[in-house]
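Asks: As input, take structure_25.txt (compact mmCIF, C-alpha atoms):
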# COMPACT_ATOMS: atom_id res chain seq x y z
CA MET A 1 41.69 23.99 48.24
CA ASN A 2 44.04 26.70 47.03
CA VAL A 3 45.57 25.96 43.65
CA GLN A 4 48.68 28.04 43.12
CA PRO A 5 50.87 26.71 40.36
CA ILE A 6 54.62 27.00 40.71
CA THR A 7 55.89 29.75 38.48
CA HIS A 8 59.17 31.44 37.73
CA THR A 9 57.60 34.26 35.74
CA SER A 10 59.06 37.70 36.42
CA THR A 11 56.79 40.60 37.34
CA LEU A 12 57.19 42.13 33.87
CA GLY A 13 56.54 38.72 32.33
CA TYR A 14 52.98 38.76 33.62
CA PHE A 15 52.30 41.94 31.65
CA LYS A 16 53.77 40.77 28.33
CA TRP A 17 50.41 40.52 26.56
CA ALA A 18 49.18 43.71 28.22
CA PHE A 19 52.20 45.56 26.76
CA ILE A 20 51.55 44.07 23.31
CA VAL A 21 47.87 45.08 23.43
CA THR A 22 48.92 48.56 24.61
CA VAL A 23 51.21 49.08 21.61
CA VAL A 24 48.57 47.77 19.17
CA GLY A 25 45.79 49.77 20.85
CA LEU A 26 47.72 53.03 20.90
CA GLY A 27 48.63 52.49 17.24
CA LEU A 28 44.95 51.97 16.40
CA GLY A 29 44.12 55.11 18.38
CA LEU A 30 46.59 57.18 16.36
CA TRP A 31 45.19 55.72 13.12
CA LEU A 32 41.57 56.41 14.13
CA GLY A 33 42.44 59.99 15.12
CA PHE A 34 44.27 60.68 11.89
CA THR A 35 41.61 59.12 9.62
CA SER A 36 38.79 61.02 11.34
CA GLU A 37 40.43 64.47 11.52
CA HIS A 38 43.27 64.11 8.95
CA THR A 39 45.70 65.98 11.19
CA ILE A 40 48.59 65.05 13.49
CA GLY A 41 46.82 67.00 16.24
CA GLY A 42 43.68 64.87 15.82
CA ALA A 43 45.75 61.70 16.01
CA LEU A 44 47.48 62.86 19.20
CA LYS A 45 44.15 63.86 20.77
CA VAL A 46 42.73 60.35 20.30
CA PHE A 47 46.05 58.88 21.48
CA PHE A 48 45.73 60.90 24.72
CA ILE A 49 42.06 59.86 25.22
CA VAL A 50 42.98 56.18 24.80
CA CYS A 51 45.74 56.59 27.43
CA VAL A 52 43.34 58.28 29.88
CA LEU A 53 40.68 55.61 29.36
CA ALA A 54 43.22 52.84 30.01
CA VAL A 55 44.32 54.52 33.27
CA LEU A 56 40.66 55.07 34.23
CA GLU A 57 39.88 51.38 33.73
CA ILE A 58 42.92 50.27 35.76
CA SER A 59 42.15 52.66 38.64
CA LEU A 60 38.47 51.63 38.76
CA SER A 61 39.23 47.90 38.50
CA PHE A 62 42.29 47.41 40.73
CA ASP A 63 40.04 46.15 43.51
CA ASN A 64 38.44 43.87 40.91
CA ALA A 65 41.84 42.26 40.32
CA ILE A 66 42.23 41.52 44.04
CA VAL A 67 38.76 40.02 44.36
CA ASN A 68 39.31 38.00 41.18
CA ALA A 69 42.57 36.68 42.62
CA ASN A 70 40.77 35.63 45.81
CA LYS A 71 38.32 33.52 43.79
CA LEU A 72 40.85 32.41 41.19
CA LYS A 73 43.22 30.87 43.74
CA GLU A 74 40.54 28.23 44.44
CA MET A 75 40.33 27.24 40.77
CA THR A 76 42.33 24.56 39.03
CA PRO A 77 45.14 25.63 36.65
CA VAL A 78 42.89 24.64 33.72
CA TRP A 79 40.14 27.05 34.76
CA GLN A 80 42.69 29.72 35.65
CA GLN A 81 43.95 29.49 32.06
CA ARG A 82 40.39 29.58 30.70
CA PHE A 83 39.72 32.72 32.70
CA LEU A 84 42.83 34.28 31.17
CA THR A 85 41.82 33.42 27.60
CA TRP A 86 38.02 33.17 27.34
CA GLY A 87 37.60 35.62 30.19
CA ILE A 88 39.61 38.38 28.52
CA LEU A 89 37.65 37.92 25.28
CA ILE A 90 34.38 38.30 27.20
CA ALA A 91 35.72 41.26 29.18
CA VAL A 92 37.12 43.21 26.22
CA PHE A 93 34.71 42.35 23.42
CA GLY A 94 31.65 41.49 25.49
CA MET A 95 31.58 44.30 28.03
CA ARG A 96 33.49 47.03 26.17
CA ILE A 97 31.81 46.58 22.75
CA LEU A 98 28.72 44.35 22.91
CA PHE A 99 27.40 45.72 26.22
CA PRO A 100 27.09 49.37 25.04
CA VAL A 101 25.57 48.11 21.77
CA LEU A 102 23.07 45.95 23.67
CA ILE A 103 21.97 48.92 25.80
CA VAL A 104 21.21 50.96 22.68
CA VAL A 105 19.44 47.98 21.08
CA ILE A 106 17.10 47.71 24.08
CA ALA A 107 16.69 51.44 24.78
CA ALA A 108 16.20 52.56 21.17
CA LYS A 109 14.44 49.33 20.08
CA ILE A 110 16.65 48.90 17.03
CA GLY A 111 18.72 46.01 15.67
CA PRO A 112 22.36 45.32 16.67
CA TRP A 113 23.71 46.36 13.26
CA GLN A 114 21.68 49.59 13.38
CA ALA A 115 23.12 50.29 16.82
CA ILE A 116 26.68 49.89 15.51
CA VAL A 117 25.88 52.16 12.53
CA LEU A 118 24.40 54.69 14.98
CA ALA A 119 27.59 54.58 17.07
CA ALA A 120 29.71 55.22 13.98
CA SER A 121 27.54 57.83 12.22
CA GLN A 122 25.71 59.61 15.07
CA PRO A 123 27.91 59.35 18.18
CA GLU A 124 26.10 62.23 19.93
CA GLN A 125 22.75 60.44 19.78
CA TYR A 126 24.42 57.17 20.79
CA ALA A 127 26.04 58.83 23.82
CA ALA A 128 22.69 60.39 24.81
CA ILE A 129 21.00 56.96 24.84
CA MET A 130 23.84 55.55 26.97
CA HIS A 131 23.52 58.48 29.39
CA ASP A 132 19.75 57.96 29.74
CA ALA A 133 20.35 54.30 30.59
CA HIS A 134 22.73 55.16 33.43
CA LEU A 135 20.19 54.97 36.29
CA PRO A 136 19.09 51.32 35.84
CA ILE A 137 22.69 50.28 35.10
CA ALA A 138 23.94 51.96 38.30
CA ALA A 139 21.11 50.39 40.34
CA PHE A 140 21.81 46.90 38.94
CA GLY A 141 25.60 47.07 39.24
CA GLY A 142 25.54 48.79 42.64
CA THR A 143 23.27 46.11 44.10
CA PHE A 144 25.36 43.24 42.74
CA LEU A 145 28.62 44.73 44.05
CA MET A 146 27.04 45.53 47.42
CA MET A 147 26.09 41.87 47.80
CA VAL A 148 29.63 40.83 46.83
CA ALA A 149 31.13 43.07 49.54
CA LEU A 150 28.63 42.21 52.29
CA ASN A 151 28.99 38.50 51.53
CA PHE A 152 32.68 38.87 52.41
CA PHE A 153 32.11 40.68 55.72
CA PHE A 154 29.09 38.66 56.93
CA ASP A 155 31.10 35.45 57.20
CA HIS A 156 31.30 33.58 60.53
CA GLU A 157 34.43 31.72 59.34
CA LYS A 158 36.33 34.97 58.72
CA ASP A 159 38.95 35.26 61.48
CA ILE A 160 41.17 38.07 60.19
CA HIS A 161 39.72 41.54 60.78
CA TRP A 162 41.19 44.84 59.59
CA VAL A 163 38.67 47.40 60.92
CA ALA A 164 37.84 45.35 64.00
CA SER A 165 34.84 47.37 65.23
CA ILE A 166 32.98 46.86 61.94
CA GLU A 167 34.16 43.38 61.00
CA ASP A 168 33.70 41.89 64.50
CA TRP A 169 30.09 43.09 64.45
CA ALA A 170 29.50 41.70 60.96
CA SER A 171 31.06 38.35 61.84
CA ARG A 172 29.01 38.15 65.06
CA TYR A 173 25.70 38.64 63.25
CA SER A 174 26.62 36.61 60.16
CA SER A 175 24.82 33.56 61.55
CA ILE A 176 21.49 35.37 61.01
CA ARG A 177 20.25 33.89 57.76
CA GLY A 178 19.94 36.39 54.91
CA ILE A 179 21.19 39.38 56.92
CA GLU A 180 23.21 40.75 53.99
CA ILE A 181 20.12 40.57 51.76
CA ALA A 182 18.10 42.46 54.40
CA VAL A 183 20.78 45.19 54.61
CA VAL A 184 20.81 45.61 50.82
CA LEU A 185 17.01 45.75 50.67
CA VAL A 186 16.92 48.49 53.33
CA ILE A 187 19.53 50.57 51.46
CA MET A 188 17.64 49.93 48.22
CA LEU A 189 14.37 51.22 49.73
CA VAL A 190 16.08 54.32 51.16
CA PHE A 191 17.56 55.27 47.79
CA SER A 192 14.29 54.56 45.98
CA ARG A 193 12.80 57.40 48.05
CA LEU A 194 15.70 59.72 47.20
CA VAL A 195 15.66 59.36 43.41
CA GLU A 196 13.16 61.36 41.38
CA PRO A 197 9.67 59.86 41.86
CA ALA A 198 9.33 59.26 38.10
CA TYR A 199 12.40 56.98 38.19
CA ALA A 200 11.75 55.20 41.52
CA SER A 201 10.11 52.14 39.94
CA VAL A 202 12.95 51.86 37.38
CA PHE A 203 15.52 52.02 40.20
CA ILE A 204 13.76 49.36 42.29
CA SER A 205 13.26 47.04 39.32
CA ALA A 206 16.91 47.24 38.22
CA ALA A 207 18.16 46.86 41.82
CA ILE A 208 16.02 43.75 42.36
CA TRP A 209 17.40 42.24 39.15
CA GLY A 210 20.92 42.94 40.47
CA LEU A 211 20.08 41.15 43.72
CA LEU A 212 18.48 38.22 41.89
CA THR A 213 21.46 37.96 39.53
CA PHE A 214 23.85 37.65 42.48
CA LEU A 215 21.71 34.98 44.13
CA LEU A 216 21.21 33.03 40.88
CA VAL A 217 24.94 33.12 40.08
CA GLU A 218 25.70 31.85 43.61
CA VAL A 219 23.15 29.02 43.32
CA LEU A 220 24.14 28.11 39.76
CA GLY A 221 27.84 28.28 40.61
CA GLY A 222 27.40 25.96 43.58
CA MET A 223 25.40 23.46 41.51
CA LEU A 224 27.90 23.46 38.63
CA ASP A 225 30.92 23.11 40.91
CA LYS A 226 29.26 20.30 42.87
CA ASN A 227 28.45 18.44 39.64
CA GLU A 228 32.03 18.86 38.43
CA GLU A 229 33.35 17.52 41.71
CA ALA A 230 31.00 14.53 41.55
CA MET A 231 31.76 13.70 37.91
CA ALA A 232 35.45 14.40 37.67
CA GLY A 233 36.73 14.84 41.20
CA ALA A 234 37.64 18.39 40.29
CA ALA A 235 38.48 21.00 42.87
CA ARG A 236 35.69 23.38 43.77
CA GLY A 237 35.89 26.51 41.68
CA GLY A 238 35.46 25.47 38.07
CA LEU A 239 32.70 26.59 35.72
CA GLY A 240 30.60 28.06 38.55
CA ALA A 241 33.45 30.24 39.78
CA PHE A 242 34.20 31.26 36.18
CA LEU A 243 30.60 32.47 35.70
CA TYR A 244 30.72 34.32 39.01
CA LEU A 245 33.92 36.14 37.98
CA GLU A 246 32.46 37.12 34.61
CA VAL A 247 29.33 38.64 36.18
CA LEU A 248 31.56 40.37 38.74
CA ASP A 249 33.70 41.82 35.95
CA ALA A 250 30.56 43.02 34.20
CA SER A 251 29.39 44.86 37.32
CA PHE A 252 32.78 46.54 37.70
CA SER A 253 32.87 47.61 34.07
CA PHE A 254 29.47 49.37 34.12
CA ASP A 255 30.88 52.49 35.75
CA GLY A 256 33.92 52.66 33.47
CA VAL A 257 31.91 52.21 30.26
CA ILE A 258 29.37 54.89 31.17
CA GLY A 259 32.05 57.27 32.47
CA ALA A 260 34.09 56.85 29.29
CA PHE A 261 31.39 58.66 27.30
CA ALA A 262 32.33 61.82 29.21
CA LEU A 263 35.71 61.73 27.45
CA THR A 264 34.62 60.63 23.97
CA GLN A 265 31.44 59.60 22.20
CA ASN A 266 33.28 57.25 19.85
CA LEU A 267 32.45 53.65 20.83
CA PHE A 268 35.56 52.28 19.10
CA ILE A 269 37.94 54.60 20.95
CA ILE A 270 36.24 53.63 24.22
CA ALA A 271 36.64 49.92 23.39
CA ILE A 272 40.36 50.36 22.67
CA GLY A 273 41.11 52.37 25.83
CA LEU A 274 39.10 50.23 28.23
CA GLY A 275 40.31 47.05 26.51
CA ILE A 276 43.93 48.03 27.23
CA GLY A 277 43.04 48.63 30.87
CA ALA A 278 41.22 45.28 31.09
CA MET A 279 44.34 43.46 29.91
CA TYR A 280 46.38 44.97 32.77
CA VAL A 281 43.68 44.01 35.29
CA ARG A 282 43.74 40.39 34.02
CA SER A 283 47.55 40.26 34.16
CA MET A 284 47.52 41.74 37.67
CA THR A 285 45.01 39.12 38.79
CA ILE A 286 47.18 36.19 37.70
CA MET A 287 50.27 37.77 39.24
CA LEU A 288 48.50 38.17 42.60
CA VAL A 289 47.49 34.49 42.52
CA GLU A 290 50.80 32.98 41.44
CA LYS A 291 52.99 35.15 43.67
CA GLY A 292 50.71 34.59 46.68
CA THR A 293 50.46 38.33 47.31
CA LEU A 294 47.11 38.04 49.10
CA ALA A 295 48.66 35.68 51.65
CA GLN A 296 51.68 37.94 52.15
CA TYR A 297 49.60 41.07 52.79
CA ARG A 298 46.78 40.02 55.11
CA TYR A 299 44.64 43.18 54.83
CA LEU A 300 44.92 43.73 51.07
CA GLU A 301 41.79 41.70 50.39
CA HIS A 302 39.90 43.63 53.08
CA GLY A 303 40.82 46.93 51.45
CA ALA A 304 39.51 45.67 48.10
CA PHE A 305 36.14 44.67 49.57
CA TYR A 306 35.79 47.99 51.40
CA ALA A 307 36.53 49.68 48.05
CA ILE A 308 33.82 47.54 46.41
CA LEU A 309 31.34 48.45 49.14
CA ILE A 310 32.04 52.16 48.71
CA LEU A 311 31.88 51.81 44.90
CA SER A 312 28.45 50.18 45.21
CA VAL A 313 27.19 53.06 47.37
CA ILE A 314 28.68 55.58 44.92
CA MET A 315 26.84 53.86 42.07
CA TYR A 316 23.62 54.31 44.06
CA VAL A 317 24.48 57.95 44.74
CA GLN A 318 25.09 58.46 41.00
CA THR A 319 21.38 57.83 40.43
CA ILE A 320 20.84 61.15 42.24
CA TYR A 321 24.05 63.19 41.78
CA HIS A 322 26.97 62.96 39.37
CA VAL A 323 30.12 61.66 41.04
CA PRO A 324 33.29 62.17 38.95
CA GLU A 325 34.97 58.89 37.96
CA VAL A 326 38.32 60.20 39.24
CA ILE A 327 36.89 60.25 42.78
CA THR A 328 35.63 56.69 42.41
CA GLY A 329 38.95 55.42 41.06
CA LEU A 330 41.22 57.30 43.46
CA GLY A 331 39.02 56.44 46.45
CA GLY A 332 39.31 52.72 45.77
CA ALA A 333 43.05 52.96 45.11
CA ALA A 334 43.54 54.93 48.35
CA LEU A 335 41.72 52.28 50.42
CA ILE A 336 43.80 49.49 48.90
CA GLY A 337 46.96 51.55 49.52
CA ILE A 338 46.03 51.99 53.20
CA ALA A 339 45.29 48.26 53.47
CA LEU A 340 48.69 47.47 51.94
CA TRP A 341 50.41 49.86 54.40
CA SER A 342 48.54 48.25 57.33
CA SER A 343 49.62 44.81 56.11
CA ILE A 344 53.27 45.85 55.89
CA ARG A 345 53.09 47.28 59.43
CA TRP A 346 51.56 44.02 60.69
CA ASN A 347 54.26 41.96 58.94
CA ARG A 348 57.00 44.03 60.58
CA ALA A 349 55.38 43.67 64.01
CA ASN A 350 54.75 39.93 63.51
CA PRO A 351 57.66 38.55 61.42
CA ASP A 352 56.89 34.94 62.39
CA GLY A 353 53.27 35.27 61.25
CA ALA A 354 54.33 36.92 57.98
CA GLU A 355 56.76 34.08 57.21
CA LEU A 356 54.03 31.51 57.95
CA ALA A 357 51.64 33.28 55.55
CA GLU A 358 54.24 33.34 52.79
CA GLY A 359 54.94 29.65 53.28
Just give me the structure of the file as structure tokens.
Replies:
Amino acid sequence: MNVQPITHTSTLGYFKWAFIVTVVGLGLGLWLGFTSEHTIGGALKVFFIVCVLAVLEISLSFDNAIVNANKLKEMTPVWQQRFLTWGILIAVFGMRILFPVLIVVIAAKIGPWQAIVLAASQPEQYAAIMHDAHLPIAAFGGTFLMMVALNFFFDHEKDIHWVASIEDWASRYSSIRGIEIAVVLVIMLVFSRLVEPAYASVFISAAIWGLLTFLLVEVLGGMLDKNEEAMAGAARGGLGAFLYLEVLDASFSFDGVIGAFALTQNLFIIAIGLGIGAMYVRSMTIMLVEKGTLAQYRYLEHGAFYAILILSVIMYVQTIYHVPEVITGLGGAALIGIALWSSIRWNRANPDGAELAEG
């Protein structure tokens, strides 16, 4: 059941709160820069870093917005609204502030307050701890995202194929139970042999937790949604789908949070910049759902899942070599752009089919 509320909101209207957060965030960036360096130049430097971080987050998470929209369209308007409100609080404060603090708490074996003090007083040491934690984070997030992408392609009910040679094959073998898990396990074992031997066990452990997290979220989501349907007659896609989207957001944000430390070691500047970007991603998600953009452009969703699959492989590769975040972001954006172009071409060649999709 697709729940798409009728809306008369303009395109700019969807980004109202994102614009407000941008103004507030940039103002905070200027204030932080001036108070730390006491110069106009220092204020402008932080202002520029915040802008770059926001763009980085948007470029890395554009495919996230499309995948979110695919799941969100199945949710009731109540849960859509909860995702917009509670979800943005979790995304901005949970993943952009609490997540880096939690990593330092675990890695350095110190208390949460000590971790925040460390971030404020010794940013170099804080950044070093975050950098050292990159391998298990990349293994966990890469595995989770790989399962998300393969779960889309290994689907026997999927009847629209963009890259036919790949997607026909995946659809044909999707009836084999657990095939996507087997593919991920093979890739996981290959990369465990490529990483430094001293880190192989860390990689495998984190990757297995990523796989288990995906499976547990799927099971838990199905149970919660079934219970909701039984108790309240609600449409599938309530609390379970909400939890799935939050874990998905977390996996997408790993790369951006770690990459942000290459631009600045100040946790608060990172939180502001990535928080601004997260607001635009949320606004974009709701716009895609309410305007029915995924239905209008038949291959847009495919491009997003290919981008996720490539991102997951890049996260694995980052356990061996450094891959600049600009390549990750631009690569995903390029794939989505090509998918959009292919969709427009298909709509022009099949005007009757395009009108049916829009209806």
Asks: Just the residues within 7 Å of region 293-304 of chain A, please, counting all atoms listed in the file, with nothing from its chain fewer than 5 positions along; format it as a ChimeraX atom specification.
Replies: /A:63,66-67,162,288,335-336,339-340,342-344,354,357-358
Asks: Work out how far apart CA of Leu185 (chain A) and CA of Ala138 (chain A) are and give it in Å to one decimal.
Replies: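 Computing it gives 15.5 Å between the two atoms.
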Asks: What separation in Å, quoted to one decimal, exists between CA of Val24 (chain A) and CA of Gln114 (chain A)?
Replies: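 According to the coordinates, CA of Val24 (chain A) and CA of Gln114 (chain A) are separated by 27.6 Å.
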Asks: Env of Thr85 (chain A): 12 Å cut, atoms = only C-alpha atoms, seq-sep filter 5 positions within chain, self excluded. Answer as a list in words.
Replies: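 Non-adjacent residues within range: Trp17, Val78, Trp79, Gln80, Ile90, Ala91, Val92, Phe242, Met279, Arg282, Ser283 and Ile286 of chain A.
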Asks: Taking only residues of region 98-178 of chain A that have an atom at most 7 Å from an atom of region 311-329 of chain A, what is each one's shortest atom pair and its distance in Å to one decimal, using only C-alpha atoms, in chain and number order, as JSON lines?
Replies:
{"residue": "A:Leu135", "atom": "CA", "partner": "A:Thr319", "partner_atom": "CA", "distance": 5.2}
{"residue": "A:Ala138", "atom": "CA", "partner": "A:Met315", "partner_atom": "CA", "distance": 5.1}
{"residue": "A:Ala139", "atom": "CA", "partner": "A:Tyr316", "partner_atom": "CA", "distance": 6.0}
{"residue": "A:Gly142", "atom": "CA", "partner": "A:Ser312", "partner_atom": "CA", "distance": 4.1}
{"residue": "A:Thr143", "atom": "CA", "partner": "A:Ser312", "partner_atom": "CA", "distance": 6.7}
{"residue": "A:Leu145", "atom": "CA", "partner": "A:Ser312", "partner_atom": "CA", "distance": 5.6}
{"residue": "A:Met146", "atom": "CA", "partner": "A:Ser312", "partner_atom": "CA", "distance": 5.3}
Asks: So how far away is CA of Gly332 (chain A) from CA of Leu12 (chain A), in Å?
Replies: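 The value is 23.9 Å.
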Asks: Which of these, A:Trp341, A:Phe144, A:Phe153, A:Phe19, has the shortest distance to Ser165 (chain A) once you count all atoms listed in the file?
Replies: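 Smallest distance to Ser165 (chain A) is found for A:Phe153.
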Asks: Would you please work out which residue, of A:Phe191, A:Phe152, A:Tyr199, A:Phe47, is nearest to Pro136 (chain A) when using only C-alpha atoms?
Replies: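 Counting only C-alpha atoms, the residue closest to Pro136 (chain A) is A:Tyr199.
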Asks: Which residues, written as a PyMOL selection string, have at least one atom at most 12 Å from Pro123 (chain A), with all atoms listed in the file counted and residues fewer than 6 positions away on the same chain left out?
Replies: chain A and resi 104+115-117+129-130+261+264-270
Asks: So, counting all atoms listed in the file, which residue among A:Val219, A:Ile97, A:Met284, A:Ile338 is closest to Phe15 (chain A)?
Replies: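 Residue with the minimum atom-to-atom distance to Phe15 (chain A): A:Met284.
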